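Just final-v6.cif here, mmCIF, C-alpha atoms:
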data_entry
loop_
_atom_site.label_atom_id
_atom_site.label_comp_id
_atom_site.auth_asym_id
_atom_site.auth_seq_id
_atom_site.Cartn_x
_atom_site.Cartn_y
_atom_site.Cartn_z
CA MET A 1 0.00 0.00 0.00
CA MET A 2 2.81 2.39 0.89
CA PHE A 3 4.53 1.72 -2.45
CA GLU A 4 1.35 2.48 -4.43
CA LEU A 5 0.86 5.75 -2.53
CA LEU A 6 4.48 6.69 -3.16
CA LEU A 7 3.99 5.93 -6.85
CA VAL A 8 1.07 8.36 -7.05
CA VAL A 9 2.99 11.06 -5.13
CA ILE A 10 5.95 10.78 -7.50
CA LEU A 11 4.26 10.19 -10.86
CA ALA A 12 1.49 12.81 -10.62
CA PRO A 13 3.93 15.77 -10.43
CA VAL A 14 6.10 14.14 -13.12
CA MET A 15 3.08 13.96 -15.43
CA PHE A 16 2.15 17.57 -14.69
CA LEU A 17 5.69 18.81 -15.37
CA ALA A 18 5.97 16.78 -18.57
CA LEU A 19 2.83 18.44 -19.92
CA ARG A 20 3.85 21.86 -18.62
CA LYS A 21 7.36 21.73 -20.09
CA THR A 22 6.03 20.73 -23.51
CA ASP A 23 3.49 23.59 -23.64
CA ASP A 24 2.87 24.87 -27.17
CA THR A 25 4.99 22.22 -28.87
CA ASN A 26 4.19 19.17 -30.94
CA LEU A 27 5.94 17.08 -28.26
CA GLN A 28 3.01 17.49 -25.90
CA ILE A 29 0.63 15.49 -28.08
CA GLY A 30 2.80 12.43 -27.41
CA VAL A 31 3.09 12.76 -23.62
CA LEU A 32 -0.25 11.15 -22.75
CA PRO A 33 0.11 8.14 -25.11
CA LEU A 34 3.63 7.58 -23.77
CA ALA A 35 2.35 7.71 -20.19
CA ILE A 36 -0.36 5.16 -21.05
CA LEU A 37 2.25 2.82 -22.54
CA VAL A 38 4.29 3.09 -19.34
CA VAL A 39 1.20 2.25 -17.26
CA LEU A 40 0.46 -0.80 -19.41
CA ALA A 41 4.03 -2.02 -18.98
CA LEU A 42 3.84 -1.94 -15.18
CA PRO A 43 2.85 -4.95 -13.06
CA GLU A 44 -0.88 -5.20 -12.45
CA GLU A 45 -0.55 -4.28 -8.77
CA SER A 46 1.12 -0.97 -9.70
CA ALA A 47 -0.80 -0.12 -12.86
CA MET A 48 -3.87 1.18 -11.03
CA SER A 49 -1.82 3.60 -8.91
CA ALA A 50 0.10 4.77 -11.96
CA SER A 51 -3.19 5.35 -13.80
CA VAL A 52 -4.43 7.52 -10.92
CA ALA A 53 -1.16 9.47 -11.01
CA VAL A 54 -1.43 10.07 -14.76
CA ALA A 55 -5.03 11.22 -14.39
CA LEU A 56 -4.20 13.58 -11.50
CA GLY A 57 -1.23 15.07 -13.37
CA THR A 58 -3.30 15.60 -16.51
CA VAL A 59 -6.24 17.18 -14.66
CA GLY A 60 -3.81 19.39 -12.72
CA TYR A 61 -2.20 20.58 -15.93
CA LEU A 62 -5.55 21.34 -17.58
CA ALA A 63 -6.63 23.34 -14.51
CA TYR A 64 -3.34 25.25 -14.64
CA PHE A 65 -3.62 25.90 -18.38
CA PHE A 66 -7.18 27.19 -18.40
CA GLY A 67 -6.72 29.07 -15.12
CA ALA A 68 -3.74 30.97 -16.53
CA ARG A 69 -5.68 31.94 -19.65
CA VAL A 70 -9.05 32.99 -18.27
CA ARG A 71 -8.02 34.87 -15.13
CA ARG A 72 -8.75 38.57 -14.72
CA GLU A 73 -6.50 39.93 -12.01
CA PRO A 74 -7.57 43.28 -10.50
CA MET A 75 -5.43 46.24 -11.44
CA PRO A 76 -3.49 47.66 -8.47
CA ASP A 77 -4.98 50.86 -7.06
CA TYR A 78 -2.40 53.10 -8.70
CA ALA A 79 -4.38 56.25 -7.88
CA SER A 80 -4.27 55.71 -4.12
CA ALA A 81 -0.53 55.05 -4.41
CA GLY A 82 -0.09 58.57 -5.75
CA SER A 83 0.34 57.58 -9.38
CA SER A 84 -0.78 60.30 -11.79
CA PHE A 85 0.52 60.50 -15.33
CA PRO A 86 -2.14 62.34 -17.34
CA ALA A 87 -2.27 61.81 -21.09
CA PRO A 88 -1.31 64.77 -23.30
CA GLU A 89 -3.56 66.15 -26.00
CA VAL A 90 -3.26 64.42 -29.38
CA ALA A 91 -5.40 65.34 -32.37
CA LEU A 92 -7.60 62.38 -33.31
CA SER A 93 -10.15 62.04 -36.07
CA ASP A 94 -13.88 61.91 -35.44
CA GLY A 95 -14.31 58.71 -37.45
CA ALA A 96 -16.32 55.64 -36.47
CA ARG A 97 -15.33 54.16 -33.17
CA ALA A 98 -13.74 50.73 -33.25
CA SER A 99 -16.03 49.46 -30.50
CA GLY A 100 -19.13 50.17 -32.56
CA GLY A 101 -20.84 53.39 -31.49
CA PHE A 102 -21.33 53.57 -27.74
CA MET A 103 -21.91 49.88 -27.17
CA PRO A 104 -19.72 48.68 -24.26
CA THR A 105 -16.41 47.21 -25.35
CA PRO A 106 -16.37 43.42 -24.74
CA ALA A 107 -14.16 42.21 -21.90
CA GLY A 108 -11.53 39.48 -22.14
CA PRO A 109 -9.02 37.62 -19.95
CA ASP A 110 -5.55 38.76 -18.86
CA GLY A 111 -3.69 36.10 -20.78
CA PRO A 112 -0.66 34.48 -19.12
CA TYR A 113 1.75 37.46 -19.17
CA TYR A 114 0.23 40.19 -17.00
CA ARG A 115 2.59 41.79 -14.45
CA PRO A 116 1.05 44.24 -11.96
CA ASN A 117 2.70 47.39 -10.56
CA SER A 118 3.83 48.80 -13.90
CA PRO A 119 5.22 52.37 -13.90
CA ALA A 120 3.24 55.44 -14.92
CA LYS A 121 4.63 56.64 -18.24
CA ARG A 122 3.88 57.61 -21.82
CA GLN A 123 6.99 56.17 -23.48
CA LEU A 124 6.56 52.40 -23.09
CA ALA A 125 9.27 51.04 -25.38
CA GLU A 126 12.86 51.43 -24.25
CA ASP A 127 15.58 52.49 -26.67
CA GLY A 128 16.58 49.60 -28.91
CA THR A 129 13.26 47.78 -28.60
CA LYS A 130 12.53 45.77 -31.74
CA GLY A 131 9.58 46.97 -33.77
CA GLU A 132 8.16 49.85 -35.77
CA PRO A 133 7.55 52.99 -33.65
CA MET A 134 3.84 53.33 -32.97
CA ARG A 135 1.50 55.50 -30.95
CA PHE A 136 -1.49 53.85 -29.27
CA ALA A 137 -4.10 56.47 -28.51
CA GLY A 138 -7.81 56.88 -27.97
CA ARG A 139 -10.39 57.76 -25.38
CA ILE A 140 -12.26 56.11 -22.54
CA LEU A 141 -15.98 56.85 -22.69
CA ASN A 142 -19.05 55.81 -20.75
CA ASN A 143 -22.04 54.33 -22.54
CA ASP A 144 -23.54 57.80 -22.93
CA GLY A 145 -20.55 58.73 -25.06
CA ARG A 146 -19.10 61.09 -22.46
CA PRO A 147 -15.35 61.08 -21.77
CA VAL A 148 -14.17 59.54 -18.50
CA GLU A 149 -11.57 61.78 -16.92
CA GLY A 150 -9.13 60.32 -14.40
CA ALA A 151 -9.54 56.69 -15.48
CA ILE A 152 -6.41 54.57 -15.09
CA ILE A 153 -5.49 52.63 -18.22
CA GLU A 154 -2.72 50.02 -18.17
CA ILE A 155 -1.41 48.22 -21.25
CA TRP A 156 1.13 45.51 -22.00
CA HIS A 157 2.15 43.81 -25.23
CA ALA A 158 4.88 41.92 -27.05
CA ASP A 159 7.60 43.82 -28.91
CA GLY A 160 8.23 43.79 -32.66
CA ALA A 161 9.81 40.35 -32.38
CA GLY A 162 6.80 38.82 -30.62
CA GLU A 163 8.52 38.73 -27.21
CA TYR A 164 7.25 39.91 -23.83
CA ASP A 165 9.50 41.46 -21.20
CA HIS A 166 9.08 39.23 -18.13
CA THR A 167 11.76 40.81 -15.92
CA ASP A 168 11.25 44.54 -16.32
CA PHE A 169 8.45 46.75 -17.67
CA ASN A 170 9.41 47.27 -21.29
CA CYS A 171 6.22 47.72 -23.36
CA ARG A 172 4.25 47.88 -20.10
CA GLY A 173 2.87 50.90 -18.29
CA HIS A 174 -0.13 52.93 -17.20
CA GLN A 175 -1.41 56.50 -17.20
CA THR A 176 -4.44 58.63 -16.30
CA THR A 177 -6.90 59.91 -18.88
CA ASN A 178 -7.17 63.68 -19.29
CA GLN A 179 -10.30 65.83 -19.26
CA ASP A 180 -11.25 64.48 -22.69
CA GLY A 181 -10.91 60.87 -21.55
CA GLN A 182 -7.83 60.59 -23.75
CA PHE A 183 -4.80 58.33 -23.36
CA VAL A 184 -1.58 58.30 -25.42
CA PHE A 185 1.19 55.68 -25.30
CA ASP A 186 4.32 55.81 -27.45
CA THR A 187 5.63 52.32 -28.04
CA VAL A 188 6.34 49.89 -30.91
CA LYS A 189 3.92 47.92 -33.00
CA PRO A 190 3.69 44.41 -31.49
CA LYS A 191 4.14 41.24 -33.46
CA GLY A 192 2.28 37.96 -33.13
CA TYR A 193 3.98 34.92 -31.67
CA GLY A 194 3.79 31.17 -31.36
CA VAL A 195 3.78 28.41 -33.94
CA ARG A 196 0.89 26.22 -35.00
CA SER A 197 1.56 23.21 -32.79
CA MET A 198 -0.79 20.44 -31.72
CA SER A 199 -1.01 20.10 -27.96
CA LEU A 200 -3.18 18.14 -25.55
CA ILE A 201 -6.06 20.60 -26.07
CA GLY A 202 -5.56 21.35 -29.76
CA THR A 203 -3.81 24.24 -31.49
CA VAL A 204 -3.14 26.91 -28.88
CA ASP A 205 -1.21 30.14 -28.29
CA PHE A 206 -0.87 30.99 -31.96
CA ARG A 207 -1.42 34.72 -31.59
CA SER A 208 -1.64 37.60 -33.99
CA ALA A 209 -0.47 41.05 -32.87
CA HIS A 210 -2.53 42.44 -30.00
CA ILE A 211 -2.42 44.79 -27.02
CA HIS A 212 -3.70 43.84 -23.56
CA VAL A 213 -5.60 46.52 -21.66
CA LYS A 214 -6.85 47.08 -18.12
CA ILE A 215 -8.99 50.08 -17.14
CA ARG A 216 -9.94 51.09 -13.63
CA VAL A 217 -12.48 53.70 -12.61
CA GLY A 218 -12.96 53.31 -8.89
CA GLU A 219 -13.05 49.72 -7.69
CA PRO A 220 -13.89 47.40 -10.62
CA THR A 221 -11.22 46.52 -13.17
CA PHE A 222 -12.14 46.15 -16.84
CA THR A 223 -9.86 43.86 -18.87
CA THR A 224 -9.74 43.31 -22.61
CA GLN A 225 -7.41 43.25 -25.63
CA VAL A 226 -7.37 44.79 -29.10
CA TRP A 227 -6.03 43.56 -32.45
CA PHE A 228 -4.69 45.09 -35.68
CA PRO A 229 -6.61 44.92 -38.96
CA ASP A 230 -3.54 44.30 -41.14
CA ASP A 231 -2.14 41.19 -39.42
CA ALA A 232 -2.13 38.08 -41.64
CA ARG A 233 -2.20 35.90 -38.51
CA ASN A 234 -5.69 37.11 -37.52
CA ARG A 235 -7.46 34.40 -39.50
CA LEU A 236 -5.66 31.71 -37.47
CA ASP A 237 -5.86 33.36 -34.04
CA VAL A 238 -8.80 31.73 -32.22
CA ALA A 239 -9.05 34.62 -29.74
CA TYR A 240 -9.29 37.19 -32.55
CA TRP A 241 -12.37 35.58 -34.04
CA ALA A 242 -14.37 36.18 -30.87
CA PHE A 243 -13.64 39.94 -31.00
CA LYS A 244 -13.07 40.72 -34.69
CA LYS A 245 -16.23 42.86 -34.99
CA THR A 246 -15.57 44.97 -31.91
CA ASN A 247 -11.94 45.02 -30.71
CA VAL A 248 -9.86 46.03 -33.72
CA VAL A 249 -7.91 49.30 -33.82
CA GLU A 250 -8.13 51.87 -36.56
CA PHE A 251 -5.04 53.58 -38.00
CA GLU A 252 -5.27 57.36 -37.74
CA PRO A 253 -4.58 59.22 -41.00
CA SER A 254 -2.20 62.18 -41.34
CA GLN A 255 -0.17 61.48 -38.20
CA PRO A 256 3.61 62.02 -37.92
CA VAL A 257 4.01 58.48 -36.57
CA LEU A 258 1.99 55.29 -37.10
CA THR A 259 -0.99 55.78 -34.77
CA ALA A 260 -3.35 52.99 -33.76
CA ARG A 261 -6.56 54.36 -32.25
CA PHE A 262 -9.24 52.72 -30.16
CA ASP A 263 -12.01 54.23 -28.02
CA PHE A 264 -12.99 52.03 -25.07
CA VAL A 265 -16.60 52.27 -23.95
CA LEU A 266 -17.27 51.26 -20.36
CA ASP A 267 -20.62 49.90 -19.26
CA GLN A 268 -21.48 52.82 -17.00
CA ALA A 269 -23.75 55.81 -17.26
CA GLY A 270 -22.53 59.40 -17.01
#
Could I get this structure in the form of structure tokens?
Amino acid sequence: MMFELLLVVILAPVMFLALRKTDDTNLQIGVLPLAILVVLALPEESAMSASVAVALGTVGYLAYFFGARVRREPMPDYASAGSSFPAPEVALSDGARASGGFMPTPAGPDGPYYRPNSPAKRQLAEDGTKGEPMRFAGRILNNDGRPVEGAIIEIWHADGAGEYDHTDFNCRGHQTTNQDGQFVFDTVKPKGYGVRSMSLIGTVDFRSAHIHVKIRVGEPTFTTQVWFPDDARNRLDVAYWAFKKTNVVEFEPSQPVLTARFDFVLDQAG
């Protein structure tokens, strides 16, 4: 009995780690069949315990995977910490809003790469960051179409090589909207990342270029992401298809630098 218990304690974490370490690679699709072959090769008295271990490791991995991709972590209360970096004025067109009139912008998950406590700043990309210089600007409005002054908006995204900064805050930061509800970030245009690999749950983490966004007005935190209309990867990005009619930026004409514009509409009255 002690040996069977020890087998479960050892094999369950091994199974979890094997699936975790082969995330987003074609290797993962072979982990479960290999584990089943190992179970079948064991003596009958140990096979049942090994089967339990494989099942626990697999379920644990699936819980980890989906948990990391659907979470919505609250934004830190930057305002109470004395953070105030108001957006400057930037001339924007009066064209159609990317979120479709004053309908609330759909929310989405954090994704796996959110890091709280980013600095307040306008210039997000450090010198030497890979990618085309780009300005990300727009307004935060309520569902009456009125600008929301003093809202905190935080963004994070991959650089022009499709890489996130996991140790510092390059291409990450927040600021406060001005009296017109406007925000302006100077950064680089992100690139999509990942390869089309079959994993335990299908083709995952093949992403087209996108920007993650959190907005806080008072206590609740609104989380979403926006895409670019000119990215060839969009047609293969599963997440994009759920938001393609609402969460796509527009490129502002007649700007000195490439300017991606999006107006976020919060589900709140004025």
Point to revise | Picked residues, the PyMOL selection byres ((chain A and resi 160) around 10), as a list in words | key: Thr129, Lys130, Gly131, Glu132, Pro133, His157, Ala158, Asp159, Ala161, Gly162, Glu163, Tyr164, Val188, Lys189, Pro190, Lys191, Gly192, Tyr193 and Ala209 of chain A
Point to revise | Test item: the PyMOL selection byres ((chain A and resi 7) around 12) resolved as a ChimeraX atom specification | key: /A:1-6,8-15,39,42,45-54
How would the residues just picked look written out with C-alpha atoms as a PDB file, in the frame of the given file?
ATOM      1  CA  MET A   1       0.000   0.000   0.000  1.00  0.00           C
ATOM      2  CA  MET A   2       2.810   2.390   0.890  1.00  0.00           C
ATOM      3  CA  PHE A   3       4.530   1.720  -2.450  1.00  0.00           C
ATOM      4  CA  GLU A   4       1.350   2.480  -4.430  1.00  0.00           C
ATOM      5  CA  LEU A   5       0.860   5.750  -2.530  1.00  0.00           C
ATOM      6  CA  LEU A   6       4.480   6.690  -3.160  1.00  0.00           C
ATOM      7  CA  VAL A   8       1.070   8.360  -7.050  1.00  0.00           C
ATOM      8  CA  VAL A   9       2.990  11.060  -5.130  1.00  0.00           C
ATOM      9  CA  ILE A  10       5.950  10.780  -7.500  1.00  0.00           C
ATOM     10  CA  LEU A  11       4.260  10.190 -10.860  1.00  0.00           C
ATOM     11  CA  ALA A  12       1.490  12.810 -10.620  1.00  0.00           C
ATOM     12  CA  PRO A  13       3.930  15.770 -10.430  1.00  0.00           C
ATOM     13  CA  VAL A  14       6.100  14.140 -13.120  1.00  0.00           C
ATOM     14  CA  MET A  15       3.080  13.960 -15.430  1.00  0.00           C
ATOM     15  CA  VAL A  39       1.200   2.250 -17.260  1.00  0.00           C
ATOM     16  CA  LEU A  42       3.840  -1.940 -15.180  1.00  0.00           C
ATOM     17  CA  GLU A  45      -0.550  -4.280  -8.770  1.00  0.00           C
ATOM     18  CA  SER A  46       1.120  -0.970  -9.700  1.00  0.00           C
ATOM     19  CA  ALA A  47      -0.800  -0.120 -12.860  1.00  0.00           C
ATOM     20  CA  MET A  48      -3.870   1.180 -11.030  1.00  0.00           C
ATOM     21  CA  SER A  49      -1.820   3.600  -8.910  1.00  0.00           C
ATOM     22  CA  ALA A  50       0.100   4.770 -11.960  1.00  0.00           C
ATOM     23  CA  SER A  51      -3.190   5.350 -13.800  1.00  0.00           C
ATOM     24  CA  VAL A  52      -4.430   7.520 -10.920  1.00  0.00           C
ATOM     25  CA  ALA A  53      -1.160   9.470 -11.010  1.00  0.00           C
ATOM     26  CA  VAL A  54      -1.430  10.070 -14.760  1.00  0.00           C
TER      27      VAL A  54
END
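Every residue that the PyMOL selection byres ((chain A and resi 72) around 12) selects in this file is listed here: Gly67, Ala68, Arg69, Val70, Arg71, Glu73, Pro74, Met75, Ala107, Gly108, Pro109, Asp110, Gly111, Pro112, Tyr113, Tyr114, Arg115, Pro116, His212, Val213, Lys214, Ile215, Pro220, Thr221, Phe222, Thr223, Thr224 and Gln225 of chain A.
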Practice item. Could you tell me how far CA of Ala232 in chain A lies from CA of Thr259 in chain A, in Å and to one decimal? Key: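 Result for CA of Ala232 in chain A versus CA of Thr259 in chain A: 19.0 Å, one decimal.
CA of Asn178 in chain A sits 9.2 Å away from CA of Phe85 in chain A.
The neighbours of Val238 in chain A here are the residues that come within 10 Å of it, using all atoms listed in the file and leaving out any residue fewer than 2 positions away in the same chain; they are Thr203, Val204, Asp205, Phe206, Arg207, Ser208, Asn234, Arg235, Leu236, Tyr240, Trp241, Ala242 and Phe243 of chain A.
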Exercise for review: Measuring atom to atom with all atoms listed in the file, identify which of A:Phe262, A:Phe16, A:Trp227, A:Tyr78 is nearest to Arg135 in chain A.
Suggested key: A:Phe262
Review point. Nearest to Ser197 in chain A among A:Ile155, A:Thr25, A:His166, A:Ala18, with distances taken over all atoms listed in the file: which residue is it?
Key: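 When distances to Ser197 in chain A are compared using all atoms listed in the file, the smallest one comes from A:Thr25.
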Check your understanding: Separation of CA of Leu37 in chain A and CA of Leu62 in chain A, in Å?
Key -> 20.7 Å
Review point. Which is closer to Leu92 in chain A than all the others in A:Met198, A:Leu17, A:Ala137, A:Ile211, using all atoms listed in the file?
Key: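 Of all the options, A:Ala137 lies closest to Leu92 in chain A.
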